[in-house]
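> To be precise about what I am sending: the file is called target_11.txt and holds compact mmCIF, C-alpha atoms.
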# COMPACT_ATOMS: atom_id res chain seq x y z
CA MET G 29 -80.58 -83.43 203.53
CA ASP G 30 -79.54 -84.82 206.89
CA THR G 31 -77.90 -82.19 209.11
CA THR G 32 -74.84 -84.22 209.99
CA GLN G 33 -74.28 -85.08 206.40
CA SER G 34 -74.76 -81.52 205.17
CA ASN G 35 -72.18 -80.40 207.72
CA GLN G 36 -69.65 -82.72 206.13
CA VAL G 37 -70.30 -81.53 202.61
CA ASN G 38 -68.34 -78.64 201.12
CA GLU G 39 -65.85 -78.40 204.00
CA ALA G 40 -63.03 -79.45 201.69
CA PRO G 41 -61.94 -77.01 198.99
CA PHE G 42 -62.85 -78.36 195.56
CA TRP G 43 -59.21 -78.74 194.52
CA ALA G 44 -58.50 -80.90 197.59
CA SER G 45 -61.41 -83.21 196.74
CA TRP G 46 -60.36 -83.84 193.16
CA ILE G 47 -56.65 -84.17 193.91
CA GLY G 48 -57.57 -86.51 196.78
CA ILE G 49 -59.68 -88.83 194.66
CA LEU G 50 -57.00 -88.94 191.93
CA ALA G 51 -54.35 -89.61 194.60
CA ILE G 52 -56.34 -92.59 195.89
CA ILE G 53 -56.90 -94.09 192.43
CA PHE G 54 -53.35 -93.50 191.19
CA GLY G 55 -51.92 -94.58 194.55
CA ILE G 56 -53.68 -97.94 194.45
CA PHE G 57 -52.65 -98.48 190.84
CA LEU G 58 -49.05 -97.41 191.47
CA THR G 59 -48.75 -99.71 194.49
CA ALA G 60 -49.69 -102.60 192.21
CA VAL G 61 -47.27 -101.45 189.49
CA HIS G 62 -44.30 -100.96 191.83
CA GLY G 63 -45.14 -104.13 193.77
CA THR G 64 -45.13 -106.15 190.55
CA GLU G 65 -41.84 -104.52 189.55
CA VAL G 66 -40.23 -105.55 192.87
CA LEU G 67 -41.49 -109.09 192.39
CA SER G 68 -40.29 -109.32 188.80
CA HIS G 69 -36.74 -108.23 189.63
CA VAL G 70 -36.60 -110.61 192.58
CA VAL G 71 -37.62 -113.42 190.21
CA TYR G 72 -35.29 -112.42 187.34
CA ALA G 73 -32.20 -113.67 189.14
CA PRO G 74 -28.93 -113.61 187.18
CA ASP G 75 -27.47 -116.83 185.82
CA THR G 76 -30.79 -118.69 185.80
CA ALA G 77 -32.35 -121.05 183.23
CA ALA G 78 -33.55 -118.45 180.70
CA VAL G 79 -30.00 -117.14 180.20
CA HIS G 80 -28.68 -120.61 179.38
CA ASP G 81 -31.28 -121.22 176.65
CA ILE G 82 -32.52 -124.38 178.32
CA PRO G 83 -35.61 -125.48 176.36
CA ILE G 84 -38.88 -124.70 178.13
CA ASP G 85 -41.01 -127.71 178.99
CA CYS G 86 -44.13 -126.86 176.96
CA LYS G 87 -46.57 -129.60 177.92
CA GLU G 88 -49.64 -129.91 175.75
CA ASP G 89 -52.10 -129.89 178.66
CA GLU G 90 -50.55 -126.68 180.02
CA LEU G 91 -50.70 -125.07 176.57
CA ASP G 92 -54.42 -125.91 176.46
CA GLU G 93 -54.96 -124.67 180.00
CA GLU G 94 -53.40 -121.27 179.29
CA GLY G 95 -54.64 -121.08 175.69
CA ILE G 96 -51.27 -120.45 174.07
CA SER G 97 -49.44 -121.93 171.11
CA LEU G 98 -46.24 -123.97 171.25
CA GLU G 99 -44.31 -121.12 169.61
CA GLU G 100 -45.60 -118.63 172.17
CA CYS G 101 -44.62 -120.99 174.98
CA ARG G 102 -41.08 -121.33 173.61
CA LEU G 103 -40.77 -117.54 173.51
CA MET G 104 -41.79 -117.08 177.14
CA GLY G 105 -38.21 -117.15 178.34
CA THR G 106 -37.22 -114.32 175.98
CA THR G 107 -38.40 -111.41 178.14
CA VAL G 108 -36.73 -112.88 181.20
CA LYS G 109 -33.52 -113.43 179.24
CA ASN G 110 -33.67 -109.89 177.80
CA VAL G 111 -34.05 -108.31 181.23
CA ILE G 112 -31.32 -110.40 182.85
CA LEU G 113 -28.77 -110.01 180.06
CA SER G 114 -29.36 -106.32 179.44
CA SER G 115 -29.24 -105.33 183.13
CA PRO G 116 -25.89 -103.94 184.28
CA ASP G 117 -24.56 -105.51 187.54
CA TRP G 118 -25.80 -102.66 189.71
CA PHE G 119 -29.27 -102.47 188.18
CA ARG G 120 -31.16 -105.36 189.78
CA SER G 121 -30.47 -104.56 193.45
CA PHE G 122 -30.81 -100.82 192.82
CA TYR G 123 -34.16 -101.24 191.07
CA ILE G 124 -35.50 -103.63 193.74
CA GLY G 125 -34.62 -101.04 196.40
CA LEU G 126 -36.10 -98.15 194.43
CA THR G 127 -39.36 -99.92 193.56
CA THR G 128 -39.73 -101.17 197.16
CA LEU G 129 -39.46 -97.56 198.29
CA GLY G 130 -41.92 -96.64 195.52
CA THR G 131 -44.40 -99.25 196.79
CA ILE G 132 -44.24 -97.89 200.34
CA VAL G 133 -44.66 -94.25 199.25
CA ALA G 134 -47.49 -95.25 196.87
CA VAL G 135 -49.40 -96.91 199.74
CA PHE G 136 -48.80 -93.78 201.81
CA SER G 137 -50.16 -91.62 198.97
CA VAL G 138 -53.48 -93.52 199.20
CA PHE G 139 -53.81 -92.39 202.84
CA ILE G 140 -52.82 -88.87 201.78
CA GLY G 141 -55.61 -88.98 199.19
CA ILE G 142 -58.10 -90.15 201.82
CA ALA G 143 -57.05 -87.29 204.12
CA LEU G 144 -57.43 -84.79 201.25
CA VAL G 145 -60.99 -85.85 200.40
CA ASP G 146 -61.94 -86.15 204.06
CA TYR G 147 -60.30 -82.77 204.43
CA ARG G 148 -57.69 -82.03 207.09
CA SER G 149 -55.99 -78.65 206.64
CA TRP G 150 -52.62 -79.95 207.89
CA ILE G 151 -52.47 -82.53 205.12
CA ILE G 152 -51.36 -80.18 202.32
CA LYS G 153 -47.66 -80.05 203.22
CA PRO G 154 -47.31 -83.84 203.76
CA ALA G 155 -49.19 -84.30 200.47
CA ILE G 156 -46.73 -82.07 198.60
CA LEU G 157 -43.82 -83.98 200.18
CA THR G 158 -45.35 -87.36 199.28
CA PHE G 159 -46.00 -86.48 195.63
CA GLY G 160 -42.60 -84.78 195.47
CA ALA G 161 -41.08 -88.04 196.75
CA LEU G 162 -42.97 -90.06 194.13
CA LEU G 163 -41.74 -87.68 191.45
CA ALA G 164 -38.16 -88.01 192.76
CA ILE G 165 -38.51 -91.82 192.60
CA ASP G 166 -39.74 -91.57 188.99
CA VAL G 167 -36.87 -89.28 188.01
CA THR G 168 -34.34 -91.59 189.70
CA ALA G 169 -35.84 -94.62 187.94
CA PHE G 170 -35.78 -92.74 184.63
CA LEU G 171 -32.10 -91.84 185.04
CA ALA G 172 -31.26 -95.40 186.12
CA VAL G 173 -32.97 -96.93 183.09
CA VAL G 174 -31.41 -94.37 180.73
CA ASN G 175 -28.04 -95.68 181.93
CA THR G 176 -28.83 -99.26 180.90
CA GLY G 177 -29.27 -100.49 177.32
CA PRO G 178 -31.88 -100.05 174.56
CA LEU G 179 -33.88 -103.15 175.56
CA LEU G 180 -34.61 -101.94 179.09
CA ARG G 181 -35.16 -98.39 177.86
CA ALA G 182 -37.80 -99.64 175.41
CA MET G 183 -39.41 -101.68 178.16
CA TYR G 184 -39.53 -99.06 180.90
CA LEU G 185 -39.02 -95.45 179.85
CA GLY G 186 -42.50 -94.76 178.44
CA ASP G 187 -44.30 -95.89 181.61
CA ILE G 188 -41.86 -94.13 183.93
CA LEU G 189 -42.27 -90.89 181.99
CA LEU G 190 -46.07 -91.12 182.22
CA TRP G 191 -45.93 -91.62 186.00
CA ALA G 192 -43.42 -88.77 186.33
CA LEU G 193 -45.81 -86.46 184.47
CA ILE G 194 -48.74 -87.54 186.64
CA HIS G 195 -46.76 -86.90 189.83
CA LEU G 196 -45.44 -83.59 188.49
CA ILE G 197 -49.00 -82.43 187.77
CA MET G 198 -50.22 -83.62 191.20
CA THR G 199 -47.36 -81.83 193.00
CA ALA G 200 -47.93 -78.61 191.04
CA ALA G 201 -51.69 -78.76 191.68
CA LEU G 202 -51.12 -79.30 195.40
CA MET G 203 -48.73 -76.35 195.54
CA ALA G 204 -51.30 -74.16 193.77
CA GLY G 205 -53.95 -75.33 196.26
CA TYR G 206 -51.61 -74.63 199.17
CA HIS G 207 -50.98 -71.05 197.98
CA GLN G 208 -54.68 -70.54 197.33
CA SER G 209 -55.59 -71.69 200.85
CA GLU G 210 -52.85 -69.49 202.32
CA ASN G 211 -54.23 -66.43 200.49
CA SER G 212 -57.79 -67.07 201.58
CA MET S 26 -77.44 -91.61 216.74
CA GLN S 27 -76.48 -93.88 213.84
CA ARG S 28 -73.03 -93.23 212.37
CA GLN S 29 -72.92 -91.63 208.92
CA GLU S 30 -69.68 -93.39 208.07
CA TYR S 31 -68.80 -97.03 207.80
CA ASN S 32 -67.17 -98.74 210.75
CA ARG S 33 -63.38 -98.21 210.96
CA THR S 34 -62.63 -101.92 210.47
CA ALA S 35 -64.86 -101.95 207.38
CA ILE S 36 -63.01 -98.93 205.97
CA ILE S 37 -59.58 -100.52 206.54
CA MET S 38 -60.74 -103.84 205.03
CA HIS S 39 -62.20 -102.00 202.01
CA TRP S 40 -58.91 -100.26 201.19
CA LEU S 41 -56.93 -103.43 201.84
CA LEU S 42 -59.19 -105.21 199.35
CA ALA S 43 -58.69 -102.43 196.80
CA LEU S 44 -54.88 -102.56 197.05
CA SER S 45 -54.81 -106.37 196.92
CA ILE S 46 -57.19 -106.69 193.97
CA PHE S 47 -55.21 -104.26 191.82
CA PHE S 48 -51.93 -105.92 192.77
CA LEU S 49 -53.37 -109.34 191.88
CA PHE S 50 -54.57 -108.11 188.49
CA ILE S 51 -51.36 -106.41 187.43
CA SER S 52 -49.01 -109.04 188.84
CA SER S 53 -51.03 -111.88 187.31
CA TRP S 54 -50.78 -110.42 183.79
CA TRP S 55 -47.00 -110.36 184.27
CA MET S 56 -46.63 -113.74 185.97
CA LEU S 57 -48.58 -115.56 183.26
CA SER S 58 -45.94 -114.42 180.78
CA LEU S 59 -43.23 -116.30 182.69
CA PRO S 60 -41.93 -119.63 181.35
CA PHE S 61 -43.83 -122.77 182.38
CA PRO S 62 -42.41 -124.32 185.55
CA SER S 63 -40.02 -127.25 185.42
CA GLU S 64 -36.92 -128.50 187.24
CA GLU S 65 -34.84 -125.68 185.71
CA TYR S 66 -37.45 -122.96 185.25
CA ARG S 67 -38.45 -121.76 188.72
CA TYR S 68 -39.59 -118.23 187.82
CA ARG S 69 -43.28 -118.93 188.44
CA VAL S 70 -42.90 -120.45 191.92
CA LEU S 71 -42.71 -117.27 194.02
CA PRO S 72 -45.30 -115.18 192.11
CA PHE S 73 -47.86 -118.00 192.03
CA GLN S 74 -47.38 -118.78 195.72
CA LEU S 75 -47.77 -115.07 196.55
CA HIS S 76 -50.83 -114.79 194.28
CA LYS S 77 -52.48 -117.72 196.08
CA ASN S 78 -51.59 -116.34 199.51
CA ILE S 79 -53.04 -112.91 198.79
CA GLY S 80 -56.14 -114.53 197.23
CA ILE S 81 -56.75 -116.72 200.29
CA THR S 82 -56.23 -113.73 202.61
CA LEU S 83 -58.61 -111.66 200.47
CA PHE S 84 -61.34 -114.24 201.03
CA PHE S 85 -61.10 -113.70 204.80
CA VAL S 86 -60.71 -109.93 204.48
CA LEU S 87 -63.96 -109.80 202.51
CA ALA S 88 -65.66 -112.04 205.09
CA ILE S 89 -64.60 -109.63 207.87
CA LEU S 90 -65.72 -106.63 205.80
CA LEU S 91 -69.17 -108.14 205.23
CA TYR S 92 -69.54 -109.16 208.88
CA VAL S 93 -68.62 -105.65 210.08
CA ARG S 94 -70.81 -103.99 207.44
CA PHE S 95 -73.88 -105.95 208.50
CA LYS S 96 -73.16 -105.57 212.22
CA HIS S 97 -72.52 -101.82 212.08
CA ARG S 98 -74.69 -100.43 209.33
CA PRO S 99 -74.20 -96.73 208.69
CA ALA S 100 -77.20 -94.42 208.36
CA PRO S 101 -78.85 -94.62 204.93
CA ILE S 102 -77.72 -92.08 202.34
CA THR S 103 -80.12 -89.17 202.31
CA SER S 104 -78.32 -87.00 199.79
CA PRO S 105 -80.61 -85.73 197.00
CA ALA S 106 -77.70 -86.42 194.64
CA MET S 107 -78.47 -90.15 195.02
CA THR S 108 -81.40 -90.77 192.70
CA PRO S 109 -83.40 -94.04 193.04
CA TRP S 110 -81.71 -95.62 190.01
CA MET S 111 -78.30 -94.78 191.49
CA HIS S 112 -79.31 -96.49 194.74
CA LYS S 113 -80.35 -99.56 192.78
CA LEU S 114 -77.19 -99.57 190.65
CA ALA S 115 -74.96 -99.13 193.72
CA LEU S 116 -76.74 -101.94 195.58
CA ALA S 117 -76.58 -104.31 192.59
CA ASP S 118 -72.92 -103.47 191.94
CA HIS S 119 -72.00 -104.13 195.58
CA ILE S 120 -73.85 -107.44 195.79
CA ILE S 121 -72.46 -108.74 192.49
CA LEU S 122 -69.01 -107.39 193.41
CA TYR S 123 -68.90 -109.33 196.68
CA ILE S 124 -70.19 -112.53 195.08
CA THR S 125 -67.64 -112.18 192.26
CA ILE S 126 -64.72 -111.65 194.67
CA PHE S 127 -65.74 -114.75 196.62
CA ALA S 128 -66.19 -116.75 193.41
CA CYS S 129 -62.85 -115.56 192.05
CA CYS S 130 -60.97 -116.48 195.24
CA LEU S 131 -62.72 -119.83 195.56
CA SER S 132 -62.25 -120.85 191.91
CA GLY S 133 -58.57 -119.90 192.10
CA TYR S 134 -58.10 -122.05 195.18
CA LEU S 135 -60.05 -124.98 193.70
CA SER S 136 -58.07 -124.79 190.47
CA SER S 137 -54.88 -124.97 192.51
CA ALA S 138 -56.23 -127.80 194.69
CA PHE S 139 -56.87 -129.96 191.61
CA SER S 140 -53.56 -129.05 189.94
CA GLY S 141 -51.40 -131.12 192.23
CA TRP S 142 -49.47 -128.07 193.47
CA THR S 143 -49.40 -127.65 197.24
CA THR S 144 -50.56 -124.36 198.73
CA THR S 145 -48.58 -123.07 201.69
CA VAL S 146 -50.31 -120.15 203.37
CA TRP S 147 -47.72 -117.37 203.72
CA TRP S 148 -44.93 -120.00 203.70
CA LEU S 149 -46.05 -121.14 207.15
CA VAL S 150 -48.94 -123.59 206.98
CA ASP S 151 -49.43 -126.30 204.36
CA LEU S 152 -53.10 -126.49 203.40
CA PRO S 153 -54.36 -130.09 203.45
CA ASP S 154 -54.21 -131.78 200.05
CA TRP S 155 -57.87 -132.77 199.94
CA GLY S 156 -58.01 -132.31 196.18
CA TYR S 157 -56.69 -134.92 193.77
CA GLU S 158 -54.78 -134.22 190.59
CA SER S 159 -57.42 -133.73 187.90
CA GLU S 160 -56.60 -131.95 184.68
CA GLU S 161 -60.27 -131.57 183.82
CA LEU S 162 -61.25 -129.91 187.11
CA ASN S 163 -58.10 -127.81 187.13
CA VAL S 164 -58.92 -126.43 183.66
CA PHE S 165 -62.58 -125.93 184.57
CA PHE S 166 -61.83 -123.92 187.72
CA SER S 167 -59.06 -122.01 185.91
CA GLU S 168 -61.64 -120.90 183.35
CA VAL S 169 -64.07 -119.87 186.10
CA HIS S 170 -61.22 -118.00 187.83
CA LEU S 171 -60.31 -116.20 184.61
CA TRP S 172 -63.88 -115.16 183.74
CA THR S 173 -64.76 -114.07 187.27
CA ALA S 174 -61.57 -111.98 187.24
CA TRP S 175 -62.66 -110.19 184.02
CA ILE S 176 -66.15 -109.64 185.45
CA LEU S 177 -64.56 -108.34 188.64
CA LEU S 178 -62.51 -105.84 186.65
CA ALA S 179 -65.68 -104.54 184.96
CA LEU S 180 -67.50 -104.28 188.29
CA VAL S 181 -64.57 -102.53 189.95
CA SER S 182 -64.59 -100.01 187.08
CA VAL S 183 -68.29 -99.28 187.69
CA HIS S 184 -67.54 -99.02 191.43
CA ILE S 185 -64.68 -96.54 190.85
CA SER S 186 -66.78 -94.50 188.40
CA GLY S 187 -69.51 -94.18 191.02
CA ALA S 188 -66.98 -93.18 193.68
CA VAL S 189 -65.43 -90.55 191.41
CA TYR S 190 -68.89 -89.20 190.51
CA HIS S 191 -69.79 -88.73 194.18
CA ALA S 192 -66.35 -87.34 195.03
CA PHE S 193 -66.71 -84.63 192.38
CA ARG S 194 -70.29 -83.87 193.41
CA ARG S 195 -69.11 -83.67 197.03
CA ASP S 196 -72.42 -85.02 198.26
CA GLY S 197 -70.97 -86.77 201.32
CA VAL S 198 -71.37 -90.31 199.91
CA ILE S 199 -67.65 -90.93 199.34
CA ARG S 200 -66.70 -89.70 202.80
CA ARG S 201 -68.52 -92.62 204.36
CA MET S 202 -65.65 -94.87 203.22
CA LEU S 203 -62.89 -92.38 204.03
CA HIS S 204 -63.55 -91.07 207.51
CA LEU S 205 -61.27 -93.12 209.79
What is this structure when it is put down as structure tokens?

Amino acid sequence: MDTTQSNQVNEAPFWASWIGILAIIFGIFLTAVHGTEVLSHVVYAPDTAAVHDIPIDCKEDELDEEGISLEECRLMGTTVKNVILSSPDWFRSFYIGLTTLGTIVAVFSVFIGIALVDYRSWIIKPAILTFGALLAIDVTAFLAVVNTGPLLRAMYLGDILLWALIHLIMTAALMAGYHQSENS
Amino acid sequence: MQRQEYNRTAIIMHWLLALSIFFLFISSWWMLSLPFPSEEYRYRVLPFQLHKNIGITLFFVLAILLYVRFKHRPAPITSPAMTPWMHKLALADHIILYITIFACCLSGYLSSAFSGWTTTVWWLVDLPDWGYESEELNVFFSEVHLWTAWILLALVSVHISGAVYHAFRRDGVIRRMLHL
């Protein structure tokens, strides 16, 4: 093995390597999830066409192009209508703000993951803070959605809970790694 | 002495590509569930414009990544953990991955060009309308775009699996794309 390369190997504790790689993968995925969430709530503006049951223009060529049936096309406004009508007044702006923050922290968590794999000893505390922040965002989103109606709860709670568990596990693992590195 | 790691620009472009590709996948599954566009239904306008903008940008990001990768090649991997078949698989995956990203971006743009919808790059510059409205070509390039996207997802999965394998083996391979 090349000397320079062998010097790089095994510098990072094993726990830092595996948490780092998971942080990168989950971070990239979460950025996409939160980013899409921001976009969807920007698009689902109140008092727009879907709420007024205006018939959707289901052109035959577009049905062919997207490979969907006429019935499916007519139903495409339903989700939009459900979200708009079942969102309390405060929900849209609050959720756009929260998911924007989530997107930023998720991007940051990718860099944290990179710094964990390419080990820097000072990264552990910022990593705990970052995953703690992501967990706090999940808990806030969970509480916000709980305070809406059954339609939004059915749509969101399962996914939010899964992310909260992932971030809880990551935070706990980082804290264990931090204590382990302090003891050694 | 030749650098072990990739060039810094290549590393930044790689992670930018990763973030963009995942965003495009997840947001496209959502945006295709939105009602068809019409005078009243405007829900698709912003997501589609954003999708096209990121796709066009991705094309140039990949071009920069490839240019930098060829100009500043890192030292070859000497780790014994990389068996010959892994080298071959990694090389094939990378080549097909790059071709697929280019094909996906290009087919998406061509589909749009023949759809009659104008593309405005980041809401600043109108791309010239060189395409004409052709349902046949629009559908054809849409199909190519769709299939290249599915192939891309499969290739990205192989790519991530390889990265995770090397990260857990801690053989120094993964660090080449992490060391800024």
> Which value, in Å to one decimal, gives the distance between CA of Glu94 (chain G) and CA of Val150 (chain S)?
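Value for the CA of Glu94 (chain G)-CA of Val150 (chain S) distance: 28.1 Å.
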> Give me, as a Markdown table, the closest atom pair and its distance (Å, one decimal) for every residue of chain S within a cut-off of 8 Å of chain G, counting all atoms listed in the file, rows sorted by chain and rising number.

| residue | atom | partner | partner_atom | distance |
| --- | --- | --- | --- | --- |
| S:Gln29 | CA | G:Gln33 | CA | 7.1 |
| S:Ala43 | CA | G:Ile56 | CA | 7.1 |
| S:Leu44 | CA | G:Ile56 | CA | 5.4 |
| S:Ser45 | CA | G:Ala60 | CA | 7.9 |
| S:Phe47 | CA | G:Ala60 | CA | 5.8 |
| S:Phe48 | CA | G:Ala60 | CA | 4.0 |
| S:Leu49 | CA | G:Ala60 | CA | 7.7 |
| S:Ile51 | CA | G:Ala60 | CA | 6.3 |
| S:Ser52 | CA | G:Thr64 | CA | 5.1 |
| S:Trp55 | CA | G:Thr64 | CA | 7.8 |
| S:Ser58 | CA | G:Met104 | CA | 6.1 |
| S:Leu59 | CA | G:Met104 | CA | 5.8 |
| S:Pro60 | CA | G:Met104 | CA | 4.9 |
| S:Phe61 | CA | G:Asp85 | CA | 6.6 |
| S:Pro62 | CA | G:Asp85 | CA | 7.5 |
| S:Ser63 | CA | G:Asp85 | CA | 6.5 |
| S:Glu65 | CA | G:Ala77 | CA | 5.8 |
| S:Tyr66 | CA | G:Ala77 | CA | 5.8 |
| S:Tyr68 | CA | G:Val71 | CA | 5.7 |
| S:Leu71 | CA | G:Val71 | CA | 7.4 |
| S:Pro72 | CA | G:Leu67 | CA | 7.2 |
| S:Thr103 | CA | G:Met29 | CA | 5.9 |
| S:Ser104 | CA | G:Met29 | CA | 5.6 |
| S:Pro105 | CA | G:Met29 | CA | 6.9 |
| S:Glu160 | CA | G:Asp89 | CA | 7.8 |
| S:Val164 | CA | G:Glu93 | CA | 5.7 |
| S:Ser167 | CA | G:Glu93 | CA | 7.7 |
| S:Val189 | CA | G:Ile49 | CA | 6.8 |
| S:Ala192 | CA | G:Ser45 | CA | 6.7 |
| S:Phe193 | CA | G:Trp46 | CA | 6.4 |
| S:Arg195 | CA | G:Val37 | CA | 6.1 |
| S:Asp196 | CA | G:Val37 | CA | 6.0 |
| S:Gly197 | CA | G:Val37 | CA | 5.4 |
| S:Arg200 | CA | G:Asp146 | CA | 6.1 |
| S:Leu203 | CA | G:Ile142 | CA | 5.7 |
| S:His204 | CA | G:Asp146 | CA | 6.2 |
> Tell me, as a CSV table (one decimal) with C-alpha atoms, in the coordinates of the input, which residues lie within 10 Å of region 199-205 of chain G, counting all atoms listed in the file; anything in the same chain fewer than 3 positions away does not count.

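Written output follows (around.csv):
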chain,number,residue,atom,x,y,z
G,41,PRO,CA,-61.9,-77.0,199.0
G,42,PHE,CA,-62.8,-78.4,195.6
G,43,TRP,CA,-59.2,-78.7,194.5
G,44,ALA,CA,-58.5,-80.9,197.6
G,47,ILE,CA,-56.6,-84.2,193.9
G,48,GLY,CA,-57.6,-86.5,196.8
G,152,ILE,CA,-51.4,-80.2,202.3
G,153,LYS,CA,-47.7,-80.0,203.2
G,155,ALA,CA,-49.2,-84.3,200.5
G,156,ILE,CA,-46.7,-82.1,198.6
G,157,LEU,CA,-43.8,-84.0,200.2
G,158,THR,CA,-45.4,-87.4,199.3
G,159,PHE,CA,-46.0,-86.5,195.6
G,160,GLY,CA,-42.6,-84.8,195.5
G,161,ALA,CA,-41.1,-88.0,196.8
G,162,LEU,CA,-43.0,-90.1,194.1
G,163,LEU,CA,-41.7,-87.7,191.4
G,193,LEU,CA,-45.8,-86.5,184.5
G,194,ILE,CA,-48.7,-87.5,186.6
G,195,HIS,CA,-46.8,-86.9,189.8
G,196,LEU,CA,-45.4,-83.6,188.5
G,208,GLN,CA,-54.7,-70.5,197.3
G,209,SER,CA,-55.6,-71.7,200.8
G,210,GLU,CA,-52.8,-69.5,202.3
G,211,ASN,CA,-54.2,-66.4,200.5
> Given all atoms listed in the file as the basis, pick out the residue of S:Glu168, S:Asp118, S:Glu30, S:Glu158 nearest to His184 (chain S).
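Using all atoms listed in the file, the shortest distance to His184 (chain S) belongs to S:Asp118.
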> Can you measure CA of Leu171 (chain G) to CA of Asp187 (chain G) for me? One decimal in Å is fine.
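Interatomic distance, CA of Leu171 (chain G) to CA of Asp187 (chain G): 13.3 Å.
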> Determine the nearest neighbour of Lys109 (chain G) from the options G:Val79, G:Phe122, G:His69, G:Arg148, counting only C-alpha atoms.
G:Val79
> Just to confirm, what's the straight-line distance from CA of Arg28 (chain S) to CA of Ile151 (chain G) in Å (one decimal)?
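Pair CA of Arg28 (chain S) / CA of Ile151 (chain G) returns 24.3 Å.
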> Taking the partial coordinates given, rebuild region 121-132 of chain G to contain N, CA and C atoms; return it as an mmCIF file, keeping the file's coordinate frame.

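New file out-v1.cif:
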data_model
loop_
_atom_site.group_PDB
_atom_site.id
_atom_site.type_symbol
_atom_site.label_atom_id
_atom_site.label_comp_id
_atom_site.auth_asym_id
_atom_site.auth_seq_id
_atom_site.Cartn_x
_atom_site.Cartn_y
_atom_site.Cartn_z
ATOM 1 N N SER G 121 -30.316 -104.905 192.022
ATOM 2 C CA SER G 121 -30.470 -104.560 193.450
ATOM 3 C C SER G 121 -30.941 -103.112 193.607
ATOM 4 N N PHE G 122 -30.408 -102.230 192.755
ATOM 5 C CA PHE G 122 -30.810 -100.820 192.820
ATOM 6 C C PHE G 122 -32.301 -100.680 192.528
ATOM 7 N N TYR G 123 -32.759 -101.381 191.482
ATOM 8 C CA TYR G 123 -34.160 -101.240 191.070
ATOM 9 C C TYR G 123 -35.103 -101.899 192.083
ATOM 10 N N ILE G 124 -34.664 -102.995 192.699
ATOM 11 C CA ILE G 124 -35.500 -103.630 193.740
ATOM 12 C C ILE G 124 -35.672 -102.655 194.905
ATOM 13 N N GLY G 125 -34.569 -102.011 195.299
ATOM 14 C CA GLY G 125 -34.620 -101.040 196.400
ATOM 15 C C GLY G 125 -35.523 -99.853 196.067
ATOM 16 N N LEU G 126 -35.337 -99.340 194.846
ATOM 17 C CA LEU G 126 -36.100 -98.150 194.430
ATOM 18 C C LEU G 126 -37.597 -98.456 194.315
ATOM 19 N N THR G 127 -37.935 -99.592 193.733
ATOM 20 C CA THR G 127 -39.360 -99.920 193.560
ATOM 21 C C THR G 127 -39.997 -100.334 194.897
ATOM 22 N N THR G 128 -39.191 -100.881 195.818
ATOM 23 C CA THR G 128 -39.730 -101.170 197.160
ATOM 24 C C THR G 128 -40.098 -99.858 197.842
ATOM 25 N N LEU G 129 -39.183 -98.895 197.743
ATOM 26 C CA LEU G 129 -39.460 -97.560 198.290
ATOM 27 C C LEU G 129 -40.698 -96.961 197.603
ATOM 28 N N GLY G 130 -40.774 -97.132 196.296
ATOM 29 C CA GLY G 130 -41.920 -96.640 195.520
ATOM 30 C C GLY G 130 -43.231 -97.261 195.993
ATOM 31 N N THR G 131 -43.198 -98.569 196.302
ATOM 32 C CA THR G 131 -44.400 -99.250 196.790
ATOM 33 C C THR G 131 -44.868 -98.649 198.110
ATOM 34 N N ILE G 132 -43.903 -98.428 199.014
ATOM 35 C CA ILE G 132 -44.240 -97.890 200.340
ATOM 36 C C ILE G 132 -44.835 -96.475 200.210
#
